[in-house]
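Peer 1: This is the structure, below, for whatever I ask next.
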Amino acid sequence: MTVSSVLVVGGGIAGVSTVASLRTNGYAGELTLVSADAVPYDRPPLSKAYLAGGRDLESIVLQPSQWYADQKISLVGGAVAVAIRPDAGEVELADGRVLTADKIVLATGGRAIWPPIGEVRRDVSVGLPVGNGQDRPVVSDRSPIHVLREVADADRLRTQLVPGARLLIVGAGLIGAEVSSTARGLGAEVVLVDPLDPPLAAAVGIEVARWLHGLHANHGVEVLTTTVETLLETRTGVAAQLRGEPVSREFDAVLLAVGLVPETGLAEAARLDTSRGILVDAGQVTSHPAVLAVGDCARLRDHHRAEHWEAAQLDGARAAATILETEPPVATAPWWWSDRYGLHVEGVGEMRSADAEHIRVVRGTLGEPPFAVFTLRGERVIGAVAVDDPNAVRAARRMIDRGVDVRASDLADPETDLRRLLRGSR
Ligand SMILES: Cc1cc2nc3c(=O)[nH]c(=O)nc-3n(C[C@H](O)[C@H](O)[C@H](O)COP(=O)(O)OP(=O)(O)OC[C@H]3O[C@@H](n4cnc5c(N)ncnc54)[C@H](O)[C@@H]3O)c2cc1C
């Protein structure tokens with residue numbers, strides 16, 4: 001069937017990548033992007049330069065407004081889709097408009113989790129907006145409790161990151177760690193709480209995870225391996241009762257950085273298959289042939305859901321290829337990056353705890369950037385993480401994608417040219 005109209009719901013990187021890929025690959029039909037934000041913007045800077053005050057909204061938009069006009073993409077900005085009707089090809093917006101398309105692409109991303117933290121008590125007239133783990137409670141602009149997913153979240157948090165402000169960060173994953181770094185840069189006093197020691201071991205391997213976590217203390221963050229039992233909003237901030245401590249501590253602000261719930265509401269209401277994400281096949285098609293899903297909201301059946309920028313972008317390119325019935329982009333090992341305390345971290349492939357068959361190889365000296373740690377199964381690289389050494393990760397990615405055999409001793413030697421190993425020569 002010739003597709004003559006496509007409607008994408010959600011203006012994050014996955015949605016924008018979908019419309020961009022469609023046009024780049026010759027799609028000339030109607031193209032509509034429904035975006036809750038006036039102009040789609042990028043999220044990674046929200047915990048880094050944007051939060052630090054070094055960039056403004058205009059500098060983090062994914063494309064300038066004119067681009068949508070130039071590409072003949074109808075950008076329906078500031079609009080929220082409230083229902084999709086796949087059989088009729090309809091998308092209903094909150095303002096009552098109903099748009100139609102041959103193909104609907106869901107690119108609705110996810111919401112930050114509001115964890116159900118223990119008992120929540122009220123001290124003052126404003127109740128503490130701690131959620132049920134799913135829904136985002138309504139918070140006032142002055143609330144000292146924060147999550148970080150949207151530009152408005154970053155704007156609100158930034159007003160509280162002043163020199164000497166006491167910030168509690170719950171969760172030391174990638175976002176909690178980045179905000180710790182940014183907040184220290186702005187002069188805030190940071191307490192970082194996580195029950196795991198070290199966090200992120202599944203993403204970067206235990207050795208690098210331990211070193212990265214240690215950076216917080218080196219930069220004046222108080223790091224605690226525990227959980228938060230209760231949060232009590234007071235007239236001046238928040239009293240947090242941490243497990244194992246005799247009395248509660250006072251903070252000016254709290255950031256809850258404990259993960260993401262995929263935004264599957266539209267798909268569920270339309271009775272598409274969902275389970276920890278909107279379930280898709282390798283071409284991003286959901287259980288309804290007229291509906292595709294991409295990015296953080298989607299999960300490839302029998303796989304983990306990726307929550308990284310590049311994965312969302314590639315999903316968009318794959319969805320476009322499916323719609324155009326062209327060759328999909330070449331599959332490649334998943335890649336991500338993160339920045340903290342002036343260091344640039346990148347990872348690719350699989351770094352989960354090594355089993356008996358896995359070998360860890362350090363290139364350089366662990367803890368002295370630049371360095372990289374590779375995971376090998378036999379002579380095959382299956383993952384790598386590097387600090388201030390993006391070339392090592394780039395090479396590792398090619399090794400994984402091409403299935404090149406390498407000797408651990410060659411990899412470990414910083415003098416070895418990784419491009420030579422890629423060519424298969426020893
Ligand atoms: C603070 C922060 C820092 C990050 N840093 C990094 C990093 O350093 N490296 C990295 O690899 N990844 C990073 N990520 C992850 C990366 O940004 C995400 O994986 C990526 O944004 C996912 O893109 P997406 O388009 O799938 O979803 P999103 O970016 O969540 O976009 C979805 C969009 O859809 C909109 N939407 C939802 N429902 C509707 C509806 N019904 N109608 C209309 N619009 C709707 C939402 O408002 C949103 O704008 C970071 C994420 C955050 C939040």
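Letters A, B, ... mark the chains of the structure tokens in the order given; residue numbers begin at 1 per chain; ligand numbers begin at 1, in order shown.
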List the spatial neighbours of Gly173 of chain A as a list in words - criterion: any atom at most 9 Å away, only C-alpha atoms, same-chain residues fewer than 3 positions off excluded.

Peer 2: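 Residues meeting the cut-off are Gly176, Ala177, Glu178, Asp194, Pro199, Leu200, Ala257, Val258 and Gly259 of chain A.
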
Peer 1: Enumerate residues in contact with ligand 1: an atom-to-atom distance of at most 6 Å, counting only C-alpha atoms and all ligand atoms. Format the result as a PyMOL selection string.

Peer 2: chain A and resi 9-15+34-37+43-44+46-47+79-82+107-110+148-149+175+295-297+307-310+312+336-338

Peer 1: Can you pull out every residue from segment 254-352 of chain A that DSSP, working from the backbone, puts in alpha helix (DSSP H), and format the result as a PyMOL selection string?

Peer 2: chain A and resi 265-269+309-324

Peer 1: Create the file for the chosen residues now, containing N, CA and C atoms and written as an mmCIF file, in the first residue's frame.

Peer 2:
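Final file, part.cif:
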data_model
loop_
_atom_site.group_PDB
_atom_site.id
_atom_site.type_symbol
_atom_site.label_atom_id
_atom_site.label_comp_id
_atom_site.auth_asym_id
_atom_site.auth_seq_id
_atom_site.Cartn_x
_atom_site.Cartn_y
_atom_site.Cartn_z
ATOM 1 N N GLY A 265 0.321 5.133 27.486
ATOM 2 C CA GLY A 265 -1.117 5.334 27.689
ATOM 3 C C GLY A 265 -1.932 5.271 26.402
ATOM 4 N N LEU A 266 -1.482 5.984 25.349
ATOM 5 C CA LEU A 266 -2.257 6.005 24.099
ATOM 6 C C LEU A 266 -2.346 4.596 23.510
ATOM 7 N N ALA A 267 -1.216 3.872 23.583
ATOM 8 C CA ALA A 267 -1.170 2.521 23.014
ATOM 9 C C ALA A 267 -2.066 1.569 23.804
ATOM 10 N N GLU A 268 -2.018 1.685 25.121
ATOM 11 C CA GLU A 268 -2.840 0.796 25.957
ATOM 12 C C GLU A 268 -4.321 1.020 25.688
ATOM 13 N N ALA A 269 -4.703 2.314 25.639
ATOM 14 C CA ALA A 269 -6.119 2.617 25.415
ATOM 15 C C ALA A 269 -6.581 2.104 24.058
ATOM 16 N N TRP A 309 19.846 8.179 23.927
ATOM 17 C CA TRP A 309 19.572 9.115 22.844
ATOM 18 C C TRP A 309 19.745 8.471 21.467
ATOM 19 N N GLU A 310 20.878 7.816 21.247
ATOM 20 C CA GLU A 310 21.137 7.296 19.905
ATOM 21 C C GLU A 310 20.185 6.164 19.543
ATOM 22 N N ALA A 311 19.821 5.357 20.548
ATOM 23 C CA ALA A 311 18.874 4.264 20.279
ATOM 24 C C ALA A 311 17.548 4.842 19.793
ATOM 25 N N ALA A 312 17.123 5.962 20.411
ATOM 26 C CA ALA A 312 15.859 6.593 20.013
ATOM 27 C C ALA A 312 15.973 7.136 18.589
ATOM 28 N N GLN A 313 17.123 7.712 18.287
ATOM 29 C CA GLN A 313 17.322 8.263 16.949
ATOM 30 C C GLN A 313 17.290 7.145 15.884
ATOM 31 N N LEU A 314 17.958 6.040 16.180
ATOM 32 C CA LEU A 314 17.990 4.931 15.216
ATOM 33 C C LEU A 314 16.611 4.291 15.046
ATOM 34 N N ASP A 315 15.838 4.249 16.135
ATOM 35 C CA ASP A 315 14.456 3.740 16.017
ATOM 36 C C ASP A 315 13.693 4.550 14.975
ATOM 37 N N GLY A 316 13.882 5.874 15.021
ATOM 38 C CA GLY A 316 13.182 6.750 14.076
ATOM 39 C C GLY A 316 13.584 6.431 12.647
ATOM 40 N N ALA A 317 14.878 6.210 12.430
ATOM 41 C CA ALA A 317 15.368 5.889 11.082
ATOM 42 C C ALA A 317 14.801 4.547 10.615
ATOM 43 N N ARG A 318 14.709 3.602 11.567
ATOM 44 C CA ARG A 318 14.166 2.270 11.216
ATOM 45 C C ARG A 318 12.675 2.350 10.878
ATOM 46 N N ALA A 319 11.942 3.146 11.654
ATOM 47 C CA ALA A 319 10.497 3.293 11.397
ATOM 48 C C ALA A 319 10.290 3.897 10.009
ATOM 49 N N ALA A 320 11.123 4.894 9.672
ATOM 50 C CA ALA A 320 10.991 5.534 8.354
ATOM 51 C C ALA A 320 11.242 4.496 7.257
ATOM 52 N N ALA A 321 12.262 3.657 7.443
ATOM 53 C CA ALA A 321 12.574 2.633 6.438
ATOM 54 C C ALA A 321 11.409 1.652 6.294
ATOM 55 N N THR A 322 10.787 1.306 7.399
ATOM 56 C CA THR A 322 9.640 0.381 7.340
ATOM 57 C C THR A 322 8.507 1.008 6.535
ATOM 58 N N ILE A 323 8.219 2.273 6.831
ATOM 59 C CA ILE A 323 7.116 2.947 6.135
ATOM 60 C C ILE A 323 7.416 3.062 4.639
ATOM 61 N N LEU A 324 8.674 3.341 4.316
ATOM 62 C CA LEU A 324 9.055 3.530 2.907
ATOM 63 C C LEU A 324 9.404 2.211 2.211
#

Peer 1: For Val291 of chain A, which residue out of A:Ala372, A:Val105, A:Ile278, A:Leu232 is the nearest one, using only C-alpha atoms?

Peer 2: A:Val105

Peer 1: Which residues of segment 254-337 of chain A come within 9 Å of segment 398-402 of chain A, and what is each one's closest atom pair and distance in Å (one decimal), counting only C-alpha atoms, sorted by chain and residue number, as a tab-separated table?

Peer 2:
residue	atom	partner	partner_atom	distance
A:Ala331	CA	A:Asp401	CA	8.0
A:Thr332	CA	A:Asp401	CA	5.8
A:Ala333	CA	A:Asp401	CA	6.4

Peer 1: Provide the atom CA of Glu92 of chain A to atom CA of Ala38 of chain A distance in Å, to one decimal place.

Peer 2: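 Calculated distance between atom CA of Glu92 of chain A and atom CA of Ala38 of chain A is 17.9 Å.
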
Peer 1: What does the distance between atom CA of Leu421 of chain A and atom CA of His358 of chain A come to in Å, to one decimal place?

Peer 2: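 Between atom CA of Leu421 of chain A and atom CA of His358 of chain A the gap is 19.4 Å.
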
Peer 1: At what distance in Å, to one decimal, does atom CA of Thr32 of chain A lie from atom CA of Val61 of chain A?

Peer 2: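 Atom-to-atom, atom CA of Val61 of chain A and atom CA of Thr32 of chain A are spaced 17.8 Å apart.
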
Peer 1: Please give the complete set of residues from segment 63-292 of chain A that DSSP, run on the backbone, assigns to strand (DSSP E or B), formatted as an NGL selection string.

Peer 2: :A and (74-77 or 81-85 or 90-93 or 98-100 or 103-106 or 110-112 or 121-122 or 145-146 or 166-170 or 189-193 or 222-224 or 228-233 or 238-242 or 249-251 or 253-256 or 260-262 or 274 or 278-280 or 285 or 291-292)

Peer 1: When you look at segment 383-394 of chain A with a cut-off of 10 Å (counting only C-alpha atoms), what residues show up, excluding the ones that are within fewer than 5 positions of it in the same chain? I need them as a ChimeraX atom specification.

Peer 2: /A:203-205,208,212,333-339,342-352,360-363,366-377,399-400,411,414,417-419
